[in-house]
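Visitor: Here you go, start-v8.cif (mmCIF, C-alpha atoms):
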```
data_coords
#
loop_
_atom_site.group_PDB
_atom_site.id
_atom_site.type_symbol
_atom_site.label_atom_id
_atom_site.label_comp_id
_atom_site.auth_asym_id
_atom_site.auth_seq_id
_atom_site.Cartn_x
_atom_site.Cartn_y
_atom_site.Cartn_z
ATOM 1 C CA MET A 1 0.000 0.000 0.000
ATOM 2 C CA ARG A 2 2.792 2.379 0.924
ATOM 3 C CA PHE A 3 4.507 1.587 -2.385
ATOM 4 C CA PHE A 4 1.436 2.719 -4.339
ATOM 5 C CA GLN A 5 1.103 5.861 -2.207
ATOM 6 C CA ARG A 6 4.723 6.738 -2.924
ATOM 7 C CA LEU A 7 4.221 6.020 -6.616
ATOM 8 C CA ILE A 8 1.199 8.311 -6.773
ATOM 9 C CA LEU A 9 3.085 11.056 -4.938
ATOM 10 C CA LEU A 10 6.044 10.712 -7.292
ATOM 11 C CA LEU A 11 3.766 10.835 -10.329
ATOM 12 C CA LEU A 12 2.026 13.961 -8.993
ATOM 13 C CA LEU A 13 5.365 15.574 -8.214
ATOM 14 C CA GLY A 14 6.610 14.778 -11.701
ATOM 15 C CA PHE A 15 3.446 16.240 -13.214
ATOM 16 C CA PHE A 16 3.815 19.526 -11.329
ATOM 17 C CA LEU A 17 7.552 19.775 -12.062
ATOM 18 C CA GLN A 18 6.933 19.109 -15.747
ATOM 19 C CA ASN A 19 4.285 21.820 -15.945
ATOM 20 C CA ALA A 20 6.525 24.230 -14.052
ATOM 21 C CA ALA A 21 9.322 23.508 -16.517
ATOM 22 C CA LEU A 22 7.006 24.092 -19.486
ATOM 23 C CA ALA A 23 5.663 27.389 -18.138
ATOM 24 C CA VAL A 24 7.171 30.404 -19.861
ATOM 25 C CA GLU A 25 7.268 33.685 -17.974
ATOM 26 C CA LEU A 26 7.228 37.001 -19.800
ATOM 27 C CA ARG A 27 8.040 40.485 -18.561
ATOM 28 C CA GLY A 28 6.403 43.681 -19.712
ATOM 29 C CA PHE A 29 9.426 45.829 -20.564
ATOM 30 C CA ILE A 30 12.690 45.663 -22.467
ATOM 31 C CA LEU A 31 15.763 47.684 -21.538
ATOM 32 C CA ALA A 32 17.370 48.762 -24.789
ATOM 33 C CA GLU A 33 20.375 50.672 -23.522
ATOM 34 C CA ARG A 34 22.178 52.145 -20.543
ATOM 35 C CA SER A 35 24.042 55.259 -21.663
ATOM 36 C CA HIS A 36 26.273 57.920 -20.176
ATOM 37 C CA ASN A 37 25.778 60.337 -23.061
ATOM 38 C CA SER A 38 23.667 63.458 -22.590
ATOM 39 C CA LEU A 39 19.897 63.124 -22.463
ATOM 40 C CA GLY A 40 19.577 65.303 -25.556
ATOM 41 C CA ARG A 41 21.956 63.160 -27.625
ATOM 42 C CA VAL A 42 20.245 59.931 -26.635
ATOM 43 C CA ASN A 43 16.833 61.430 -27.429
ATOM 44 C CA GLU A 44 18.042 62.460 -30.871
ATOM 45 C CA ALA A 45 19.603 59.061 -31.571
ATOM 46 C CA VAL A 46 16.482 57.156 -30.489
ATOM 47 C CA LEU A 47 14.191 59.357 -32.580
ATOM 48 C CA ASP A 48 16.473 59.080 -35.611
ATOM 49 C CA ASN A 49 16.705 55.290 -35.344
ATOM 50 C CA LEU A 50 12.938 54.904 -34.989
ATOM 51 C CA LYS A 51 12.254 56.950 -38.104
ATOM 52 C CA LYS A 52 14.996 55.271 -40.150
ATOM 53 C CA ASN A 53 13.567 51.859 -39.364
ATOM 54 C CA GLY A 54 10.014 52.620 -40.431
ATOM 55 C CA PHE A 55 8.313 53.437 -37.147
ATOM 56 C CA GLU A 56 5.825 56.292 -37.090
ATOM 57 C CA VAL A 57 6.285 58.645 -34.134
ATOM 58 C CA LEU A 58 2.810 59.746 -33.066
ATOM 59 C CA GLY A 59 3.907 62.057 -30.288
ATOM 60 C CA ASP A 60 6.099 62.417 -27.245
ATOM 61 C CA TYR A 61 5.389 63.041 -23.591
ATOM 62 C CA SER A 62 7.453 64.287 -20.668
ATOM 63 C CA PRO A 63 5.756 63.496 -17.342
ATOM 64 C CA GLU A 64 8.679 65.036 -15.439
ATOM 65 C CA ASP A 65 12.079 66.630 -15.987
ATOM 66 C CA GLY A 66 14.634 64.262 -17.464
ATOM 67 C CA VAL A 67 12.067 61.863 -18.932
ATOM 68 C CA ASN A 68 10.813 61.708 -22.504
ATOM 69 C CA ILE A 69 8.453 59.068 -23.869
ATOM 70 C CA PHE A 70 8.005 58.526 -27.607
ATOM 71 C CA ILE A 71 4.745 56.919 -28.704
ATOM 72 C CA ILE A 72 5.210 54.925 -31.889
ATOM 73 C CA THR A 73 3.267 52.691 -34.235
ATOM 74 C CA SER A 74 3.951 50.790 -37.444
ATOM 75 C CA PRO A 75 2.007 49.069 -40.246
ATOM 76 C CA ALA A 76 2.466 45.724 -38.454
ATOM 77 C CA LEU A 77 1.055 47.096 -35.198
ATOM 78 C CA LYS A 78 -1.927 48.648 -36.972
ATOM 79 C CA ARG A 79 -2.655 45.431 -38.872
ATOM 80 C CA ALA A 80 -2.587 43.422 -35.651
ATOM 81 C CA ALA A 81 -4.806 45.984 -33.919
ATOM 82 C CA ALA A 82 -7.390 45.758 -36.690
ATOM 83 C CA LYS A 83 -7.850 42.007 -36.250
ATOM 84 C CA SER A 84 -9.224 41.900 -32.707
ATOM 85 C CA GLU A 85 -12.263 43.409 -31.037
ATOM 86 C CA PHE A 86 -10.420 45.876 -28.809
ATOM 87 C CA GLY A 87 -7.151 45.795 -30.727
ATOM 88 C CA GLY A 88 -6.784 49.568 -30.758
ATOM 89 C CA PHE A 89 -5.284 49.370 -27.284
ATOM 90 C CA GLY A 90 -2.369 47.439 -28.773
ATOM 91 C CA ALA A 91 -1.680 49.765 -31.698
ATOM 92 C CA VAL A 92 1.210 51.611 -30.057
ATOM 93 C CA ILE A 93 4.503 51.006 -28.295
ATOM 94 C CA LYS A 94 5.989 53.488 -25.840
ATOM 95 C CA VAL A 95 9.741 54.139 -25.825
ATOM 96 C CA SER A 96 11.215 56.019 -22.878
ATOM 97 C CA VAL A 97 14.463 57.920 -22.578
ATOM 98 C CA ALA A 98 15.056 58.755 -18.925
ATOM 99 C CA ARG A 99 17.784 60.212 -16.772
ATOM 100 C CA VAL A 100 17.898 57.930 -13.727
ATOM 101 C CA THR A 101 19.750 58.149 -10.418
ATOM 102 C CA LEU A 102 20.807 54.715 -9.178
ATOM 103 C CA LYS A 103 21.076 53.617 -5.540
ATOM 104 C CA ASN A 104 24.820 54.233 -5.545
ATOM 105 C CA GLY A 105 24.225 57.843 -6.595
ATOM 106 C CA ARG A 106 25.461 57.383 -10.151
ATOM 107 C CA LYS A 107 23.355 58.643 -13.037
ATOM 108 C CA GLU A 108 22.614 56.971 -16.339
ATOM 109 C CA ILE A 109 20.268 57.308 -19.278
ATOM 110 C CA GLN A 110 17.928 54.349 -19.632
ATOM 111 C CA VAL A 111 16.200 53.608 -22.924
ATOM 112 C CA ALA A 112 13.290 51.182 -22.508
ATOM 113 C CA TYR A 113 10.157 50.086 -24.332
ATOM 114 C CA ASN A 114 7.097 47.863 -23.929
ATOM 115 C CA ASN A 115 7.623 44.187 -24.671
ATOM 116 C CA PRO A 116 5.383 43.697 -27.750
ATOM 117 C CA GLU A 117 4.955 39.973 -27.069
ATOM 118 C CA TYR A 118 3.770 40.561 -23.498
ATOM 119 C CA MET A 119 1.448 43.352 -24.608
ATOM 120 C CA ALA A 120 -0.019 41.312 -27.466
ATOM 121 C CA LEU A 121 -1.031 38.500 -25.120
ATOM 122 C CA ALA A 122 -2.325 40.795 -22.372
ATOM 123 C CA TYR A 123 -4.435 42.800 -24.850
ATOM 124 C CA ARG A 124 -5.646 39.681 -26.699
ATOM 125 C CA LEU A 125 -4.401 40.728 -30.115
ATOM 126 C CA GLY A 126 -4.348 37.178 -31.437
ATOM 127 C CA LYS A 127 -0.721 37.604 -32.571
ATOM 128 C CA ARG A 128 2.467 37.593 -30.499
ATOM 129 C CA LEU A 129 4.083 40.498 -32.393
ATOM 130 C CA THR A 130 7.415 38.678 -32.494
ATOM 131 C CA SER A 131 8.350 40.473 -35.721
ATOM 132 C CA VAL A 132 7.753 43.853 -34.065
ATOM 133 C CA LYS A 133 9.845 42.730 -31.104
ATOM 134 C CA ALA A 134 12.691 41.688 -33.407
ATOM 135 C CA LYS A 135 12.519 44.972 -35.307
ATOM 136 C CA LEU A 136 12.655 47.009 -32.086
ATOM 137 C CA LYS A 137 15.663 44.987 -30.951
ATOM 138 C CA LYS A 138 17.421 45.783 -34.219
ATOM 139 C CA THR A 139 16.392 49.457 -34.008
ATOM 140 C CA LEU A 140 17.057 50.243 -30.348
ATOM 141 C CA GLY A 141 18.779 47.229 -28.824
ATOM 142 C CA ALA A 142 17.758 44.737 -26.133
ATOM 143 C CA VAL A 143 19.897 44.367 -23.015
ATOM 144 C CA GLU A 144 17.318 42.567 -20.863
ATOM 145 C CA GLU A 145 13.625 42.052 -20.293
ATOM 146 C CA PHE A 146 12.430 43.393 -16.957
ATOM 147 C CA GLY A 147 9.403 44.031 -14.785
ATOM 148 C CA GLY A 148 7.247 41.578 -12.876
ATOM 149 C CA ALA A 149 7.007 38.143 -14.491
ATOM 150 C CA VAL A 150 3.677 36.666 -15.613
ATOM 151 C CA ASP A 151 3.153 33.199 -17.059
ATOM 152 C CA GLU A 152 2.338 33.522 -20.769
ATOM 153 C CA ASP A 153 -0.673 31.212 -20.444
ATOM 154 C CA THR A 154 -2.318 33.469 -17.870
ATOM 155 C CA LEU A 155 -1.659 36.801 -19.596
ATOM 156 C CA PRO A 156 -4.864 36.874 -21.713
ATOM 157 C CA ASP A 157 -6.970 36.450 -18.575
ATOM 158 C CA TYR A 158 -4.687 38.241 -16.133
ATOM 159 C CA THR A 159 -6.062 39.813 -12.974
ATOM 160 C CA TYR A 160 -4.017 41.109 -10.067
ATOM 161 C CA THR A 161 -6.185 39.237 -7.578
ATOM 162 C CA ILE A 162 -9.622 37.657 -7.315
ATOM 163 C CA GLY A 163 -12.413 40.174 -7.733
ATOM 164 C CA LEU A 164 -10.431 42.839 -9.591
ATOM 165 C CA GLU A 165 -10.962 43.759 -13.227
ATOM 166 C CA GLY A 166 -9.129 42.099 -16.098
ATOM 167 C CA PHE A 167 -8.569 43.398 -19.607
ATOM 168 C CA GLY A 168 -12.272 43.388 -20.464
ATOM 169 C CA GLY A 169 -13.406 45.259 -17.357
ATOM 170 C CA PHE A 170 -13.527 48.573 -19.192
ATOM 171 C CA PHE A 171 -14.693 51.941 -18.021
ATOM 172 C CA GLU A 172 -17.605 53.049 -20.222
ATOM 173 C CA LEU A 173 -16.766 56.750 -20.235
ATOM 174 C CA ALA A 174 -19.155 58.256 -22.775
ATOM 175 C CA THR A 175 -21.468 57.575 -25.696
ATOM 176 C CA PHE A 176 -21.925 59.953 -28.631
ATOM 177 C CA ASP A 177 -24.148 60.055 -31.730
ATOM 178 C CA SER A 178 -21.635 58.373 -34.038
ATOM 179 C CA TYR A 179 -18.001 57.316 -34.332
ATOM 180 C CA ARG A 180 -17.136 60.491 -36.211
ATOM 181 C CA ASP A 181 -18.887 62.624 -33.604
ATOM 182 C CA ALA A 182 -17.140 60.796 -30.765
ATOM 183 C CA VAL A 183 -13.653 61.326 -32.231
ATOM 184 C CA LYS A 184 -14.321 64.996 -32.925
ATOM 185 C CA LYS A 185 -15.730 65.753 -29.488
ATOM 186 C CA VAL A 186 -13.006 63.837 -27.633
ATOM 187 C CA GLU A 187 -10.271 65.651 -29.536
ATOM 188 C CA ASN A 188 -11.891 69.084 -29.167
ATOM 189 C CA ASN A 189 -12.470 68.640 -25.463
ATOM 190 C CA LEU A 190 -8.972 67.330 -24.761
ATOM 191 C CA ALA A 191 -7.586 70.437 -26.461
ATOM 192 C CA LYS A 192 -9.058 72.467 -23.581
ATOM 193 C CA GLY A 193 -6.760 70.731 -21.076
ATOM 194 C CA ARG A 194 -9.324 70.605 -18.290
ATOM 195 C CA PHE A 195 -8.198 69.055 -14.985
ATOM 196 C CA GLY A 196 -4.659 68.915 -16.366
ATOM 197 C CA ILE A 197 -5.637 66.233 -18.888
ATOM 198 C CA SER A 198 -4.474 66.708 -22.479
ATOM 199 C CA GLN A 199 -4.014 64.752 -25.688
ATOM 200 C CA VAL A 200 -0.552 63.261 -26.254
ATOM 201 C CA PHE A 201 -1.262 61.239 -29.380
ATOM 202 C CA ARG A 202 -3.977 59.879 -31.638
ATOM 203 C CA VAL A 203 -3.940 56.874 -33.938
ATOM 204 C CA ASP A 204 -6.773 55.641 -36.166
ATOM 205 C CA ILE A 205 -7.057 51.898 -36.775
ATOM 206 C CA PRO A 206 -7.337 51.155 -40.528
ATOM 207 C CA GLY A 207 -10.600 49.568 -41.616
ATOM 208 C CA LYS A 208 -12.229 49.867 -38.195
ATOM 209 C CA LYS A 209 -14.153 52.499 -36.322
ATOM 210 C CA GLN A 210 -11.513 52.706 -33.628
ATOM 211 C CA THR A 211 -9.280 55.592 -32.576
ATOM 212 C CA LEU A 212 -6.834 55.416 -29.698
ATOM 213 C CA PHE A 213 -5.969 58.569 -27.745
ATOM 214 C CA GLY A 214 -3.139 58.920 -25.257
ATOM 215 C CA LEU A 215 -3.638 61.216 -22.276
ATOM 216 C CA GLY A 216 -1.116 63.295 -20.426
ATOM 217 C CA MET A 217 -2.111 63.948 -16.821
ATOM 218 C CA LYS A 218 -0.531 66.922 -15.108
ATOM 219 C CA ALA A 219 -3.091 68.233 -12.630
ATOM 220 C CA LYS A 220 -1.795 70.123 -9.613
ATOM 221 C CA VAL A 221 -1.101 67.574 -6.897
ATOM 222 C CA LYS A 222 -2.846 69.687 -4.260
ATOM 223 C CA GLU A 223 -6.034 69.648 -6.339
ATOM 224 C CA HIS A 224 -6.140 66.203 -7.977
ATOM 225 C CA ARG A 225 -3.118 64.184 -6.918
ATOM 226 C CA PHE A 226 -4.049 61.039 -8.837
ATOM 227 C CA ILE A 227 -4.532 63.015 -12.053
ATOM 228 C CA ASN A 228 -0.797 63.643 -12.019
ATOM 229 C CA ASP A 229 1.388 61.047 -13.716
ATOM 230 C CA LYS A 230 4.528 61.906 -11.763
ATOM 231 C CA TYR A 231 2.729 61.541 -8.427
ATOM 232 C CA VAL A 232 1.405 58.110 -9.378
ATOM 233 C CA MET A 233 4.716 56.927 -10.843
ATOM 234 C CA ASP A 234 6.561 57.947 -7.674
ATOM 235 C CA ILE A 235 4.383 55.394 -5.863
ATOM 236 C CA ILE A 236 4.405 52.474 -8.283
ATOM 237 C CA ASP A 237 7.665 52.827 -10.254
ATOM 238 C CA TYR A 238 10.377 52.536 -7.618
ATOM 239 C CA GLN A 239 12.485 49.632 -8.894
ATOM 240 C CA GLN A 240 15.280 49.544 -11.469
ATOM 241 C CA PRO A 241 15.181 49.767 -14.420
ATOM 242 C CA ARG A 242 12.368 52.318 -14.491
ATOM 243 C CA ARG A 243 9.102 51.476 -16.245
ATOM 244 C CA TYR A 244 8.290 54.820 -17.841
ATOM 245 C CA PRO A 245 6.769 53.166 -20.961
ATOM 246 C CA HIS A 246 3.781 52.500 -18.688
ATOM 247 C CA LEU A 247 2.724 56.018 -19.691
ATOM 248 C CA PRO A 248 0.605 57.521 -21.097
ATOM 249 C CA TYR A 249 -2.839 56.180 -20.148
ATOM 250 C CA GLU A 250 -5.140 55.528 -23.107
ATOM 251 C CA ILE A 251 -8.794 55.825 -24.049
ATOM 252 C CA LEU A 252 -10.332 54.114 -27.062
ATOM 253 C CA VAL A 253 -13.137 55.397 -29.257
ATOM 254 C CA ILE A 254 -14.875 52.316 -30.596
ATOM 255 C CA ASP A 255 -17.903 53.019 -32.779
ATOM 256 C CA ASN A 256 -19.783 55.699 -30.803
ATOM 257 C CA ARG A 257 -18.433 54.652 -27.382
ATOM 258 C CA VAL A 258 -15.398 55.815 -25.442
ATOM 259 C CA ILE A 259 -13.831 53.198 -23.196
ATOM 260 C CA ALA A 260 -10.694 52.819 -21.112
ATOM 261 C CA MET A 261 -8.925 49.941 -19.424
ATOM 262 C CA HIS A 262 -9.702 49.874 -15.721
ATOM 263 C CA PRO A 263 -6.685 51.055 -13.665
ATOM 264 C CA HIS A 264 -6.918 47.859 -11.597
ATOM 265 C CA PHE A 265 -5.805 46.105 -14.795
ATOM 266 C CA ARG A 266 -3.914 48.860 -16.603
ATOM 267 C CA ILE A 267 -1.545 49.452 -13.678
ATOM 268 C CA ALA A 268 -1.322 45.834 -12.544
ATOM 269 C CA ILE A 269 -0.408 44.457 -15.964
ATOM 270 C CA ASP A 270 2.696 46.686 -15.981
ATOM 271 C CA PHE A 271 3.365 46.254 -12.252
ATOM 272 C CA PRO A 272 2.263 42.697 -11.399
ATOM 273 C CA ASP A 273 4.979 42.510 -8.740
ATOM 274 C CA LEU A 274 3.625 45.526 -6.834
ATOM 275 C CA HIS A 275 2.632 44.721 -3.256
ATOM 276 C CA MET A 276 -0.883 45.374 -2.039
ATOM 277 C CA PHE A 277 0.215 47.459 0.940
ATOM 278 C CA GLY A 278 3.141 49.607 1.982
ATOM 279 C CA GLU A 279 4.820 52.764 0.787
ATOM 280 C CA HIS A 280 4.786 51.512 -2.803
ATOM 281 C CA GLY A 281 1.603 49.446 -2.719
ATOM 282 C CA PHE A 282 -1.750 49.438 -4.454
ATOM 283 C CA GLY A 283 -3.327 50.401 -1.162
ATOM 284 C CA ARG A 284 -2.146 53.968 -1.702
ATOM 285 C CA LEU A 285 -4.126 54.115 -4.959
ATOM 286 C CA ILE A 286 -7.586 53.229 -3.645
ATOM 287 C CA GLN A 287 -9.076 56.522 -4.844
ATOM 288 C CA LEU A 288 -7.303 56.526 -8.219
ATOM 289 C CA PRO A 289 -9.851 54.518 -10.287
ATOM 290 C CA TYR A 290 -12.699 56.745 -9.111
ATOM 291 C CA ASP A 291 -10.743 59.886 -10.016
ATOM 292 C CA TYR A 292 -9.759 58.502 -13.421
ATOM 293 C CA GLU A 293 -13.342 57.626 -14.250
ATOM 294 C CA GLU A 294 -14.722 60.988 -13.188
ATOM 295 C CA TYR A 295 -12.109 63.404 -14.473
ATOM 296 C CA VAL A 296 -11.334 61.637 -17.744
ATOM 297 C CA THR A 297 -15.075 61.451 -18.450
ATOM 298 C CA ARG A 298 -15.462 65.157 -17.759
ATOM 299 C CA ALA A 299 -12.312 66.037 -19.719
ATOM 300 C CA ILE A 300 -13.634 64.392 -22.896
ATOM 301 C CA GLY A 301 -17.064 65.988 -22.597
ATOM 302 C CA GLY A 302 -18.965 63.016 -21.222
ATOM 303 C CA PRO A 303 -21.819 63.317 -18.714
ATOM 304 C CA TRP A 304 -21.001 63.341 -15.014
ATOM 305 C CA PRO A 305 -22.338 61.906 -12.835
ATOM 306 C CA PRO A 306 -23.351 59.030 -15.120
ATOM 307 C CA GLU A 307 -27.017 58.352 -15.648
ATOM 308 C CA ASP A 308 -28.558 56.134 -12.990
ATOM 309 C CA ASP A 309 -29.348 52.683 -14.351
ATOM 310 C CA TRP A 310 -31.915 51.870 -11.678
#
```
Do you think you could lay out the structure here as structure tokens?
Guide:
Amino acid sequence: MRFFQRLILLLLLGFFLQNAALAVELRGFILAERSHNSLGRVNEAVLDNLKKNGFEVLGDYSPEDGVNIFIITSPALKRAAAKSEFGGFGAVIKVSVARVTLKNGRKEIQVAYNNPEYMALAYRLGKRLTSVKAKLKKTLGAVEEFGGAVDEDTLPDYTYTIGLEGFGGFFELATFDSYRDAVKKVENNLAKGRFGISQVFRVDIPGKKQTLFGLGMKAKVKEHRFINDKYVMDIIDYQQPRRYPHLPYEILVIDNRVIAMHPHFRIAIDFPDLHMFGEHGFGRLIQLPYDYEEYVTRAIGGPWPPEDDW
């Protein structure tokens, strides 16, 4: 009897070890370069290399001094975005150039970008974007992949913990008369810069009624602290290398609706290793989703408070 018990235990152990060995973990960011050149020179070199290699630069964003984020797309990214229901969210890659002070006091320039393969799975694009990943490696370099690790099999259905929103748990921010009307009103309202929220980029998805907007958030901390990208990043982005390609936050016009990924997912997918509590924990961001929903809705001209469904 004991022999059979041991055999069963060994078989179970072998099964779990085999599955553990087969599991592939991915990380959300790729460090392209550590440089000791000036920030300006690295910015120029990155921009030049992106353009030479066929990437379209949609805009750039500086959430704080010493940090610049280029938002890029390409024909391959747009094609992939057009093939899935909410593919617009995956139509861009963010590339950051940041002056960083290390723990030993030394400074360096870090160039980093989103891992296209990780993003493609998390946003359910139906393609792994390996060709885009290879092209970015050739264009910018690839020293290491970094960020919290997530098993590739769980990425399409990733949630930070039970009960929190996944990719499909969108904010429904506003509804307009038509797709054309929605795009026009979102763009016109963002141009007003209310609550410190402004448009960083726009990209239209070919063949679909989808337009992705990127938002810069620079409200005064004393007034709306969570509508300030630097304030939020100081809480969540405290490890090295820095994960500045997390920014900017996006909203998607899809037909006549405007939706956004819920911050419970949008932050967690880039910071899956963030603790729940502590100085750099999710617990400090309890109010953030409510503020995002309200102030982004108001900034794009949507109704607030939302109509009661009862």
Visitor: Need the shell around Lys208 in chain A: protein/DNA/RNA residues with any atom at most 12 Å away, counting all atoms listed in the file. Skip same-chain ones fewer than 2 positions apart. Format as a ChimeraX atom specification?
Guide: /A:78-88,179-180,203-206,210-212,253-255
Visitor: May I ask for the distance between CA of Arg99 in chain A and CA of Phe282 in chain A, given in Å to one decimal place?
Guide: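 The value is 25.5 Å.
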Visitor: Pick out the closest residue to Phe277 in chain A from this set: A:Arg242, A:Ile236, A:Ser178, A:Leu121. Count only C-alpha atoms.
Guide: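 Closest residue, counting only C-alpha atoms: A:Ile236.
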Visitor: Skip Arg106 in chain A itself and residues of its chain fewer than 4 positions away, then list as a ChimeraX atom specification all residues within 12 Å of it, counting only C-alpha atoms.
Guide: /A:35-36,99-102
Visitor: For this structure, which residues satisfy the selection - the PyMOL selection byres ((chain A and resi 250) around 10) - when it is evaluated on the file as given? I want them as a list in words.
Guide: Gly88, Phe89, Gln199, Val200, Phe201, Arg202, Leu212, Phe213, Gly214, Leu215, Gly216, Leu247, Pro248, Tyr249, Ile251, Leu252, Ile259, Ala260, Met261 and Arg266 of chain A
Visitor: I'd like to see the residues matched by the PyMOL selection byres ((chain A and resi 228) around 12) on this file, and ideally I'd get them as number ranges by chain.
Guide: A: 62-64, 195-198, 215-227, 229-235, 247-249, 288, 291-292, 295
Visitor: What's the separation between CA of Lys184 in chain A and CA of Ile300 in chain A, in Å to one decimal place?
Guide: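 Separation between CA of Lys184 in chain A and CA of Ile300 in chain A: 10.1 Å.
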Visitor: What is the CA of Leu274 in chain A-CA of Gly147 in chain A distance in Å, reported with one decimal?
Guide: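 Between these atoms lies a distance of 9.9 Å.
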Visitor: I want to know what sits within 9 Å of range 57-59 of chain A, based on all atoms listed in the file, with residues of the same chain fewer than 3 positions away left out; could you give that as a list in words?
Guide: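 Once the nearby chain positions are removed, what remains is Leu47, Leu50, Lys51, Ile69, Phe70, Ile71, Ile72, Thr73, Ser74, Val92, Val200, Phe201, Arg202 and Val203 of chain A.
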Visitor: Let me know the residues the PyMOL selection byres ((chain A and resi 299) around 10) catches in the file above, as a list of chain:residue names.
Guide: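 Checked against the file, the PyMOL selection byres ((chain A and resi 299) around 10) matches A:Val186, A:Asn188, A:Asn189, A:Leu190, A:Ala191, A:Lys192, A:Gly193, A:Arg194, A:Phe195, A:Gly196, A:Ile197, A:Ser198, A:Glu294, A:Tyr295, A:Val296, A:Thr297, A:Arg298, A:Ile300, A:Gly301, A:Gly302, A:Pro303.
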Visitor: Looking at A:Gly168, A:Lys103, A:Asn37, A:Pro75, which one is nearest to Ser131 in chain A, with distances taken over only C-alpha atoms?
Guide: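 Ranked by minimum distance to Ser131 in chain A, first place goes to A:Pro75.
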Visitor: Choose the residue, out of A:Ile162, A:Leu125, A:Val258, A:Leu140, that has the smallest atom-to-atom separation from Val183 in chain A; count all atoms listed in the file.
Guide: A:Val258
Visitor: Taking all listed atoms of range 207-214 of chain A, build the axis-aligned box, pad each of the six sides by 8 Å, then write its centre and edge lengths in Å to one decimal as JSON.
Guide:
```
{"center_x": -8.6, "center_y": 54.2, "center_z": -33.4, "size_x": 27.0, "size_y": 25.4, "size_z": 32.4}
```
Visitor: Which residue gives the smallest distance to Val111 in chain A among A:Lys94, A:Lys133, A:Arg128, A:Lys52, with all atoms listed in the file counted?
Guide: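 The closest residue to Val111 in chain A is A:Lys94.
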